[in-house]
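Q: Below is the file upload-v5.pdb, with PDB, C-alpha atoms and all ligand atoms.
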MODEL        1
ATOM      1  CA  MET A 228       0.000   0.000   0.000  1.00  0.00           C
ATOM      2  CA  HIS A 229       1.282   3.476  -0.822  1.00  0.00           C
ATOM      3  CA  LEU A 230       2.208   5.643   2.109  1.00  0.00           C
ATOM      4  CA  ALA A 231       1.038   8.745   0.272  1.00  0.00           C
ATOM      5  CA  GLU A 232      -2.422   7.300  -0.058  1.00  0.00           C
ATOM      6  CA  LEU A 233      -2.361   6.266   3.600  1.00  0.00           C
ATOM      7  CA  LEU A 234      -1.436   9.699   4.848  1.00  0.00           C
ATOM      8  CA  GLU A 235      -3.485  11.792   2.465  1.00  0.00           C
ATOM      9  CA  SER A 236      -6.924  10.244   3.082  1.00  0.00           C
ATOM     10  CA  SER A 237      -8.927  11.124   6.151  1.00  0.00           C
ATOM     11  CA  GLY A 238      -9.136   8.941   9.241  1.00  0.00           C
ATOM     12  CA  CYS A 239      -6.405   7.004  11.018  1.00  0.00           C
ATOM     13  CA  PRO A 240      -3.741   5.672   8.602  1.00  0.00           C
ATOM     14  CA  LEU A 241      -2.963   2.611  10.754  1.00  0.00           C
ATOM     15  CA  CYS A 242      -6.625   1.710  11.291  1.00  0.00           C
ATOM     16  CA  ARG A 243      -7.025   2.004   7.519  1.00  0.00           C
ATOM     17  CA  THR A 244      -4.007  -0.284   6.959  1.00  0.00           C
ATOM     18  CA  ARG A 245      -5.641  -2.954   9.130  1.00  0.00           C
ATOM     19  CA  LEU A 246      -9.041  -2.599   7.409  1.00  0.00           C
ATOM     20  CA  ARG A 247      -7.520  -2.881   3.948  1.00  0.00           C
ATOM     21  CA  GLU A 248      -5.258  -5.786   4.813  1.00  0.00           C
ATOM     22  CA  ALA A 249      -8.209  -7.669   6.347  1.00  0.00           C
ATOM     23  CA  ARG A 250     -10.283  -7.044   3.211  1.00  0.00           C
ATOM     24  CA  ARG A 251      -7.404  -8.137   0.976  1.00  0.00           C
ATOM     25  CA  HIS A 252      -6.730 -11.296   2.983  1.00  0.00           C
ATOM     26  CA  LEU A 253     -10.390 -12.327   3.286  1.00  0.00           C
ATOM     27  CA  GLY A 254     -10.808 -11.747  -0.458  1.00  0.00           C
ATOM     28  CA  SER A 255      -7.831 -13.973  -1.235  1.00  0.00           C
ATOM     29  CA  VAL A 256      -9.131 -16.646   1.165  1.00  0.00           C
ATOM     30  CA  LEU A 257     -12.521 -16.608  -0.561  1.00  0.00           C
ATOM     31  CA  TYR A 258     -11.201 -16.659  -4.079  1.00  0.00           C
ATOM     32  CA  GLU A 259      -8.129 -18.884  -3.730  1.00  0.00           C
ATOM     33  CA  SER A 260      -8.221 -20.940  -0.549  1.00  0.00           C
ATOM     34  CA  VAL A 261     -11.708 -22.308   0.083  1.00  0.00           C
ATOM     35  CA  ASN A 262     -10.854 -25.581  -1.656  1.00  0.00           C
ATOM     36  CA  ASP A 263      -7.160 -25.613  -0.746  1.00  0.00           C
ATOM     37  CA  PRO A 264      -6.631 -28.542   1.672  1.00  0.00           C
ATOM     38  CA  ALA A 265      -3.502 -26.976   3.207  1.00  0.00           C
ATOM     39  CA  PHE A 266      -5.384 -23.753   4.039  1.00  0.00           C
ATOM     40  CA  ARG A 267      -8.353 -25.709   5.370  1.00  0.00           C
ATOM     41  CA  ASP A 268      -6.040 -27.651   7.705  1.00  0.00           C
ATOM     42  CA  ARG A 269      -4.446 -24.444   8.943  1.00  0.00           C
ATOM     43  CA  LEU A 270      -7.873 -22.905   9.532  1.00  0.00           C
ATOM     44  CA  LEU A 271      -8.969 -25.914  11.569  1.00  0.00           C
ATOM     45  CA  ALA A 272      -5.776 -25.846  13.628  1.00  0.00           C
ATOM     46  CA  ALA A 273      -6.481 -22.137  14.262  1.00  0.00           C
ATOM     47  CA  ARG A 274     -10.112 -23.026  15.167  1.00  0.00           C
ATOM     48  CA  GLY A 275     -11.481 -20.462  12.748  1.00  0.00           C
ATOM     49  CA  PHE A 276     -11.465 -16.679  12.350  1.00  0.00           C
ATOM     50  CA  CYS A 277     -11.902 -14.163  15.185  1.00  0.00           C
ATOM     51  CA  ARG A 278     -15.353 -12.639  15.747  1.00  0.00           C
ATOM     52  CA  ALA A 279     -14.841  -9.534  13.600  1.00  0.00           C
ATOM     53  CA  HIS A 280     -13.227 -11.393  10.712  1.00  0.00           C
ATOM     54  CA  SER A 281     -15.951 -14.073  10.746  1.00  0.00           C
ATOM     55  CA  GLN A 282     -18.465 -11.293  10.130  1.00  0.00           C
ATOM     56  CA  GLN A 283     -16.259  -9.651   7.512  1.00  0.00           C
ATOM     57  CA  LEU A 284     -15.705 -12.946   5.690  1.00  0.00           C
ATOM     58  CA  LEU A 285     -19.426 -13.288   5.054  1.00  0.00           C
ATOM     59  CA  ALA A 286     -19.775  -9.599   4.146  1.00  0.00           C
ATOM     60  CA  ALA A 287     -16.853  -9.902   1.687  1.00  0.00           C
ATOM     61  CA  ASN A 288     -18.346 -13.043   0.164  1.00  0.00           C
ATOM     62  CA  ARG A 289     -21.738 -11.365  -0.335  1.00  0.00           C
ATOM     63  CA  ALA A 290     -20.172  -8.157  -1.661  1.00  0.00           C
ATOM     64  CA  GLY A 291     -18.284 -10.146  -4.306  1.00  0.00           C
ATOM     65  CA  ALA A 292     -19.915 -12.249  -6.944  1.00  0.00           C
ATOM     66  CA  GLY A 293     -19.747 -15.410  -4.876  1.00  0.00           C
ATOM     67  CA  GLY A 294     -22.975 -15.261  -2.849  1.00  0.00           C
ATOM     68  CA  SER A 295     -22.178 -16.974   0.428  1.00  0.00           C
ATOM     69  CA  LEU A 296     -20.892 -20.361  -0.702  1.00  0.00           C
ATOM     70  CA  GLY A 297     -17.223 -19.860   0.221  1.00  0.00           C
ATOM     71  CA  ALA A 298     -18.115 -18.564   3.685  1.00  0.00           C
ATOM     72  CA  ALA A 299     -20.610 -21.411   4.169  1.00  0.00           C
ATOM     73  CA  ILE A 300     -17.960 -24.037   3.376  1.00  0.00           C
ATOM     74  CA  LEU A 301     -15.356 -22.525   5.708  1.00  0.00           C
ATOM     75  CA  PHE A 302     -17.869 -21.823   8.511  1.00  0.00           C
ATOM     76  CA  GLY A 303     -19.195 -25.381   8.234  1.00  0.00           C
ATOM     77  CA  SER A 304     -15.801 -26.975   8.818  1.00  0.00           C
ATOM     78  CA  VAL A 305     -14.931 -24.575  11.670  1.00  0.00           C
ATOM     79  CA  ILE A 306     -18.287 -25.176  13.367  1.00  0.00           C
ATOM     80  CA  ARG A 307     -17.827 -28.961  13.175  1.00  0.00           C
ATOM     81  CA  LYS A 308     -14.563 -28.529  15.052  1.00  0.00           C
ATOM     82  CA  ARG A 309     -16.068 -26.172  17.666  1.00  0.00           C
ATOM     83  CA  LEU A 310     -19.064 -28.485  18.047  1.00  0.00           C
ATOM     84  CA  ALA A 311     -16.734 -31.341  18.982  1.00  0.00           C
ATOM     85  CA  GLU A 312     -15.244 -29.064  21.665  1.00  0.00           C
ATOM     86  CA  LEU A 313     -18.730 -28.224  22.989  1.00  0.00           C
ATOM     87  CA  LYS A 314     -19.590 -31.905  23.233  1.00  0.00           C
ATOM     88  CA  LYS A 315     -16.449 -32.609  25.248  1.00  0.00           C
ATOM     89  CA  VAL A 316     -17.461 -29.810  27.633  1.00  0.00           C
ATOM     90  CA  ALA A 317     -20.934 -31.347  27.944  1.00  0.00           C
ATOM     91  CA  ASP A 318     -19.391 -34.761  28.679  1.00  0.00           C
ATOM     92  CA  GLY A 319     -17.179 -33.255  31.381  1.00  0.00           C
ATOM     93  CA  ARG A 320     -20.257 -32.377  33.524  1.00  0.00           C
ATOM     94  CA  GLY A 321     -18.671 -29.355  35.216  1.00  0.00           C
ATOM     95  CA  ARG A 322     -15.668 -30.978  36.876  1.00  0.00           C
ATOM     96  CA  PRO A 323     -13.598 -28.455  38.840  1.00  0.00           C
ATOM     97  CA  MET A 324     -10.652 -27.160  36.782  1.00  0.00           C
ATOM     98  CA  ASP A 325     -12.451 -28.168  33.630  1.00  0.00           C
ATOM     99  CA  ARG A 326      -9.678 -28.299  31.034  1.00  0.00           C
ATOM    100  CA  ASP A 327     -12.050 -28.986  28.123  1.00  0.00           C
ATOM    101  CA  LEU A 328     -14.034 -25.858  28.983  1.00  0.00           C
ATOM    102  CA  GLU A 329     -10.842 -23.790  29.098  1.00  0.00           C
ATOM    103  CA  LEU A 330      -9.761 -25.162  25.729  1.00  0.00           C
ATOM    104  CA  ALA A 331     -13.180 -24.501  24.170  1.00  0.00           C
ATOM    105  CA  ARG A 332     -13.170 -20.922  25.455  1.00  0.00           C
ATOM    106  CA  ARG A 333      -9.847 -19.969  23.837  1.00  0.00           C
ATOM    107  CA  PRO A 334     -10.313 -17.450  21.029  1.00  0.00           C
ATOM    108  CA  ALA A 335      -9.478 -18.657  17.519  1.00  0.00           C
ATOM    109  CA  SER A 336      -5.932 -17.970  16.286  1.00  0.00           C
ATOM    110  CA  CYS A 337      -7.415 -15.992  13.400  1.00  0.00           C
ATOM    111  CA  PRO A 338      -5.309 -16.236  10.203  1.00  0.00           C
ATOM    112  CA  THR A 339      -6.585 -12.829   9.060  1.00  0.00           C
ATOM    113  CA  CYS A 340      -5.480 -11.204  12.333  1.00  0.00           C
ATOM    114  CA  GLU A 341      -2.029 -12.688  11.753  1.00  0.00           C
ATOM    115  CA  GLN A 342      -1.820 -11.011   8.321  1.00  0.00           C
ATOM    116  CA  VAL A 343      -3.205  -7.756   9.705  1.00  0.00           C
ATOM    117  CA  GLU A 344      -0.581  -7.701  12.466  1.00  0.00           C
ATOM    118  CA  SER A 345       2.227  -8.159  10.011  1.00  0.00           C
ATOM    119  CA  ALA A 346       0.847  -5.424   7.703  1.00  0.00           C
ATOM    120  CA  GLN A 347       0.562  -3.153  10.738  1.00  0.00           C
ATOM    121  CA  ALA A 348       4.158  -3.819  11.803  1.00  0.00           C
ATOM    122  CA  SER A 349       5.436  -3.010   8.332  1.00  0.00           C
ATOM    123  CA  ALA A 350       3.315   0.175   8.108  1.00  0.00           C
ATOM    124  CA  VAL A 351       4.600   1.331  11.516  1.00  0.00           C
ATOM    125  CA  SER A 352       8.215   0.862  10.521  1.00  0.00           C
ATOM    126  CA  ARG A 353       7.743   2.512   7.112  1.00  0.00           C
ATOM    127  CA  LEU A 354       5.945   5.502   8.653  1.00  0.00           C
ATOM    128  CA  LEU A 355       8.716   5.941  11.229  1.00  0.00           C
ATOM    129  CA  ASP A 356      11.514   5.476   8.646  1.00  0.00           C
ATOM    130  CA  ARG A 357      10.059   8.184   6.455  1.00  0.00           C
ATOM    131  CA  THR A 358      10.110  10.761   9.263  1.00  0.00           C
ATOM    132  CA  SER A 359      13.653  11.472   8.036  1.00  0.00           C
ATOM    133  CA  ASP A 360      12.017  13.278   5.106  1.00  0.00           C
ATOM    134  CA  GLU A 361      10.379  16.583   5.982  1.00  0.00           C
ATOM    135  CA  HIS A 362       7.407  16.134   3.645  1.00  0.00           C
ATOM    136  CA  TRP A 363       6.495  12.770   5.197  1.00  0.00           C
ATOM    137  CA  ARG A 364       7.213  14.028   8.706  1.00  0.00           C
ATOM    138  CA  LEU A 365       4.738  16.884   8.256  1.00  0.00           C
ATOM    139  CA  ALA A 366       2.140  14.534   6.775  1.00  0.00           C
ATOM    140  CA  LEU A 367       2.452  12.148   9.737  1.00  0.00           C
ATOM    141  CA  ALA A 368       2.364  15.069  12.171  1.00  0.00           C
ATOM    142  CA  ALA A 369      -1.007  16.125  10.715  1.00  0.00           C
ATOM    143  CA  ALA A 370      -2.510  12.627  10.226  1.00  0.00           C
ATOM    144  CA  GLU A 371      -5.752  11.829  12.022  1.00  0.00           C
ATOM    145  CA  LEU A 372      -4.193   9.056  14.097  1.00  0.00           C
ATOM    146  CA  CYS A 373      -6.373   7.398  16.708  1.00  0.00           C
ATOM    147  CA  LEU A 374      -4.997   7.500  20.241  1.00  0.00           C
ATOM    148  CA  ASP A 375      -4.067   3.805  20.360  1.00  0.00           C
ATOM    149  CA  ASP A 376      -2.139   4.039  17.078  1.00  0.00           C
ATOM    150  CA  LEU A 377      -0.423   7.287  18.101  1.00  0.00           C
ATOM    151  CA  LEU A 378       0.834   5.416  21.156  1.00  0.00           C
ATOM    152  CA  LEU A 379       1.718   2.349  19.059  1.00  0.00           C
ATOM    153  CA  LEU A 380       3.979   4.610  16.953  1.00  0.00           C
ATOM    154  CA  ALA A 381       5.380   6.220  20.120  1.00  0.00           C
ATOM    155  CA  ALA A 382       6.235   2.770  21.483  1.00  0.00           C
ATOM    156  CA  ALA A 383       8.054   1.821  18.263  1.00  0.00           C
ATOM    157  CA  ALA A 384       9.738   5.207  17.672  1.00  0.00           C
ATOM    158  CA  ASP A 385      13.146   6.246  18.869  1.00  0.00           C
ATOM    159  CA  ARG A 386      11.780   8.690  21.402  1.00  0.00           C
ATOM    160  CA  ARG A 387      15.069  10.522  21.742  1.00  0.00           C
ATOM    161  CA  SER A 388      15.008  11.467  18.069  1.00  0.00           C
ATOM    162  CA  GLY A 389      14.081  15.034  17.282  1.00  0.00           C
ATOM    163  CA  ARG A 390      12.085  13.848  14.264  1.00  0.00           C
ATOM    164  CA  TRP A 391       9.722  11.806  16.377  1.00  0.00           C
ATOM    165  CA  SER A 392       9.460  14.570  19.023  1.00  0.00           C
ATOM    166  CA  GLU A 393       8.346  16.942  16.282  1.00  0.00           C
ATOM    167  CA  VAL A 394       5.611  14.521  15.129  1.00  0.00           C
ATOM    168  CA  PHE A 395       4.527  13.695  18.673  1.00  0.00           C
ATOM    169  CA  GLY A 396       4.407  17.367  19.685  1.00  0.00           C
ATOM    170  CA  ALA A 397       2.228  18.201  16.678  1.00  0.00           C
ATOM    171  CA  GLN A 398      -0.080  15.265  17.454  1.00  0.00           C
ATOM    172  CA  ILE A 399      -0.478  16.413  21.061  1.00  0.00           C
ATOM    173  CA  GLY A 400      -1.390  19.845  19.686  1.00  0.00           C
ATOM    174  CA  ARG A 401      -3.992  18.191  17.438  1.00  0.00           C
ATOM    175  CA  VAL A 402      -5.510  16.352  20.431  1.00  0.00           C
ATOM    176  CA  GLU A 403      -5.589  19.636  22.380  1.00  0.00           C
ATOM    177  CA  GLY A 404      -7.417  21.239  19.455  1.00  0.00           C
ATOM    178  CA  ILE A 405     -10.076  18.509  19.513  1.00  0.00           C
ATOM    179  CA  ALA A 406     -10.557  18.964  23.273  1.00  0.00           C
ATOM    180  CA  ALA A 407     -10.921  22.730  22.817  1.00  0.00           C
ATOM    181  CA  ARG A 408     -13.428  22.350  19.948  1.00  0.00           C
ATOM    182  CA  LEU A 409     -15.512  19.876  21.980  1.00  0.00           C
ATOM    183  CA  GLU A 410     -15.646  22.401  24.829  1.00  0.00           C
ATOM    184  CA  GLY A 411     -16.505  25.157  22.370  1.00  0.00           C
ATOM    185  CA  PHE A 412     -19.302  23.033  20.955  1.00  0.00           C
ATOM    186  CA  ALA A 413     -20.771  22.427  24.417  1.00  0.00           C
ATOM    187  CA  TYR A 414     -20.367  26.090  25.399  1.00  0.00           C
ATOM    188  CA  ASN A 415     -21.974  27.376  22.202  1.00  0.00           C
ATOM    189  CA  SER A 416     -24.835  24.870  22.365  1.00  0.00           C
ATOM    190  CA  SER A 417     -26.967  27.133  24.540  1.00  0.00           C
ATOM    191  CA  TYR A 418     -29.756  28.965  22.747  1.00  0.00           C
ATOM    192  CA  ASP A 419     -28.278  32.452  23.051  1.00  0.00           C
ATOM    193  CA  ARG A 420     -24.858  31.377  21.713  1.00  0.00           C
ATOM    194  CA  LEU A 421     -25.856  29.018  18.881  1.00  0.00           C
ATOM    195  CA  HIS A 422     -24.973  31.644  16.262  1.00  0.00           C
ATOM    196  CA  LEU A 423     -21.370  31.606  17.539  1.00  0.00           C
ATOM    197  CA  MET A 424     -20.871  27.899  16.876  1.00  0.00           C
ATOM    198  CA  THR A 425     -18.331  27.098  14.167  1.00  0.00           C
ATOM    199  CA  ASP A 426     -18.357  24.200  11.683  1.00  0.00           C
ATOM    200  CA  ALA A 427     -15.130  22.953  13.266  1.00  0.00           C
ATOM    201  CA  GLU A 428     -16.942  22.749  16.617  1.00  0.00           C
ATOM    202  CA  ARG A 429     -19.813  20.857  14.978  1.00  0.00           C
ATOM    203  CA  ARG A 430     -17.354  18.305  13.560  1.00  0.00           C
ATOM    204  CA  ALA A 431     -15.460  17.898  16.852  1.00  0.00           C
ATOM    205  CA  SER A 432     -17.456  14.887  18.086  1.00  0.00           C
ATOM    206  CA  ASP A 433     -16.717  12.984  14.852  1.00  0.00           C
ATOM    207  CA  GLU A 434     -13.012  13.737  15.254  1.00  0.00           C
ATOM    208  CA  ALA A 435     -13.187  12.668  18.911  1.00  0.00           C
ATOM    209  CA  ALA A 436     -14.886   9.373  18.037  1.00  0.00           C
ATOM    210  CA  VAL A 437     -12.057   8.550  15.566  1.00  0.00           C
ATOM    211  CA  LEU A 438      -9.441   9.597  18.139  1.00  0.00           C
ATOM    212  CA  LEU A 439     -10.922   7.368  20.847  1.00  0.00           C
ATOM    213  CA  GLY A 440     -12.573   4.618  18.803  1.00  0.00           C
ATOM    214  CA  GLY A 441     -10.434   4.475  15.664  1.00  0.00           C
ATOM    215  CA  THR A 442     -11.490   4.427  12.017  1.00  0.00           C
ATOM    216  CA  VAL A 443     -13.818   1.436  11.955  1.00  0.00           C
ATOM    217  CA  SER A 444     -14.839   1.225   8.286  1.00  0.00           C
ATOM    218  CA  GLU A 445     -13.313   2.032   4.947  1.00  0.00           C
ATOM    219  CA  ALA A 446     -16.343   4.140   4.079  1.00  0.00           C
ATOM    220  CA  GLN A 447     -15.614   6.297   7.122  1.00  0.00           C
ATOM    221  CA  ALA A 448     -12.009   6.650   6.010  1.00  0.00           C
ATOM    222  CA  ARG A 449     -12.771   8.221   2.626  1.00  0.00           C
TER     223      ARG A 449
HETATM  224 ZN    ZN B 501      -6.033   3.936  14.404  1.00  0.00          ZN
HETATM  225 ZN    ZN B 502      -9.209 -11.839  13.004  1.00  0.00          ZN
ENDMDL
END
Give the structure from the file, written as structure tokens.
A:
Amino acid sequence: MHLAELLESSGCPLCRTRLREARRHLGSVLYESVNDPAFRDRLLAARGFCRAHSQQLLAANRAGAGGSLGAAILFGSVIRKRLAELKKVADGRGRPMDRDLELARRPASCPTCEQVESAQASAVSRLLDRTSDEHWRLALAAAELCLDDLLLLAAAADRRSGRWSEVFGAQIGRVEGIAARLEGFAYNSSYDRLHLMTDAERRASDEAAVLLGGTVSEAQAR
């Protein structure tokens, strides 16, 4: 994915990286791996997709030309496996320290999450590498990063470097601006001050939701 595209669209660039990588991976699973025995074995060993990617797999299948057949085949084999785990729990009849219950409750080792994590790690290191260039540094300083991803970059950055301090300082200024606009919105919401409210104050809650909750859909990121 091109960094320019990442930094120039609205919303959090790292959230967008994860959304796009998940879409790309689920698409490739649907169109290349449904009948691939090696992938099917790996999926069973992983015990399926995580909750979010299970939902997105079906949505991706329906959005493409495939109806829901690919998702149905993969879900069917995962559910057979999870059903066997449920039956073991039922057979255990609530023994103390029920190991079967613990095993059944483990989240799936989602193969899409694995891809998303590696795309995220590469985006983080590319974004930080490019801070040596002023153009990229300014773009990152102004990006609408969510709070978690700002801190993810801070954790990976060389915090003694002046380049990162410049980005981090600008991002803190951006967060301060959001706080001030939210307060302005609340203050100007009374009847006698409505005419003083600015468009920036009206948009502040949307900015705050991305800051605190991340960019959650690609539509939101456009
Ligand atoms: Zn984010
Ligand atoms: Zn997942």
Q: Of the residues A:Asp376, A:Gly238, A:Ala290, A:His229, which is the one nearest to Ala446 in chain A, using only C-alpha atoms?
A: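 Between A:Asp376, A:Gly238, A:Ala290, A:His229, the residue approaching Ala446 in chain A most closely is A:Gly238.
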Q: So the first atom is CA of Ala273 in chain A and the second is CA of Ser304 in chain A; what is the distance between them in Å, to one decimal place?
A: 11.8 Å
Q: Near Ala335 in chain A, within 7 Å and counting all atoms listed in the file, which residues show up once chain neighbours fewer than 4 positions away are dropped, as number ranges by chain?
A: A: 273-277
Q: Which residues are near ligand ZN 501 (chain B) in this structure, taking near to mean any atom at most 7 Å from a ligand atom and counting all atoms listed in the file? Format them as a PyMOL selection string.
A: chain A and resi 239-242+372-376+441-442
Q: May I have the residues within 12 Å of ligand ZN 502 (chain B), computed using only C-alpha atoms and all ligand atoms, as a PyMOL selection string?
A: chain A and resi 245-246+248-250+252-253+270+273-284+334-344
Q: For the atom pair CA of Ser295 in chain A and CA of Thr244 in chain A, what is the interatomic distance in Å to one decimal place?
A: 25.5 Å
Q: Calculated over all atoms listed in the file, which of the candidates A:Gly440, A:Gly389, A:Gly411, A:Gly396 has the smallest distance to Thr358 in chain A?
A: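 Once distances to Thr358 in chain A are computed over all atoms listed in the file, the minimum belongs to A:Gly389.
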Q: Let me make sure I understand: among A:Leu257, A:Arg267, A:Leu380, A:Val316, which one has the smallest atom-to-atom distance to Gly294 in chain A if we use all atoms listed in the file?
A: A:Leu257
Q: Residues picked by the PyMOL selection byres (((chain A and resi 352) around 12) and not hetatm) here, as a PDB file with C-alpha atoms, keeping the file's coordinate frame?
A:
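Here's the written file part-v4.pdb:
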ATOM      1  CA  LEU A 230       2.208   5.643   2.109  1.00  0.00           C
ATOM      2  CA  LEU A 241      -2.963   2.611  10.754  1.00  0.00           C
ATOM      3  CA  SER A 345       2.227  -8.159  10.011  1.00  0.00           C
ATOM      4  CA  ALA A 346       0.847  -5.424   7.703  1.00  0.00           C
ATOM      5  CA  GLN A 347       0.562  -3.153  10.738  1.00  0.00           C
ATOM      6  CA  ALA A 348       4.158  -3.819  11.803  1.00  0.00           C
ATOM      7  CA  SER A 349       5.436  -3.010   8.332  1.00  0.00           C
ATOM      8  CA  ALA A 350       3.315   0.175   8.108  1.00  0.00           C
ATOM      9  CA  VAL A 351       4.600   1.331  11.516  1.00  0.00           C
ATOM     10  CA  ARG A 353       7.743   2.512   7.112  1.00  0.00           C
ATOM     11  CA  LEU A 354       5.945   5.502   8.653  1.00  0.00           C
ATOM     12  CA  LEU A 355       8.716   5.941  11.229  1.00  0.00           C
ATOM     13  CA  ASP A 356      11.514   5.476   8.646  1.00  0.00           C
ATOM     14  CA  ARG A 357      10.059   8.184   6.455  1.00  0.00           C
ATOM     15  CA  THR A 358      10.110  10.761   9.263  1.00  0.00           C
ATOM     16  CA  LEU A 379       1.718   2.349  19.059  1.00  0.00           C
ATOM     17  CA  LEU A 380       3.979   4.610  16.953  1.00  0.00           C
ATOM     18  CA  ALA A 381       5.380   6.220  20.120  1.00  0.00           C
ATOM     19  CA  ALA A 382       6.235   2.770  21.483  1.00  0.00           C
ATOM     20  CA  ALA A 383       8.054   1.821  18.263  1.00  0.00           C
ATOM     21  CA  ALA A 384       9.738   5.207  17.672  1.00  0.00           C
ATOM     22  CA  ASP A 385      13.146   6.246  18.869  1.00  0.00           C
TER      23      ASP A 385
END
Q: Enclose range 428-441 of chain A, meaning all of its atoms listed in the file, in a box aligned along x, y and z, pad it by 8 Å on each side, and list the centre and edge lengths in Å to one decimal, as JSON.
A:
{"center_x": -14.6, "center_y": 13.6, "center_z": 17.2, "size_x": 26.4, "size_y": 34.3, "size_z": 23.3}
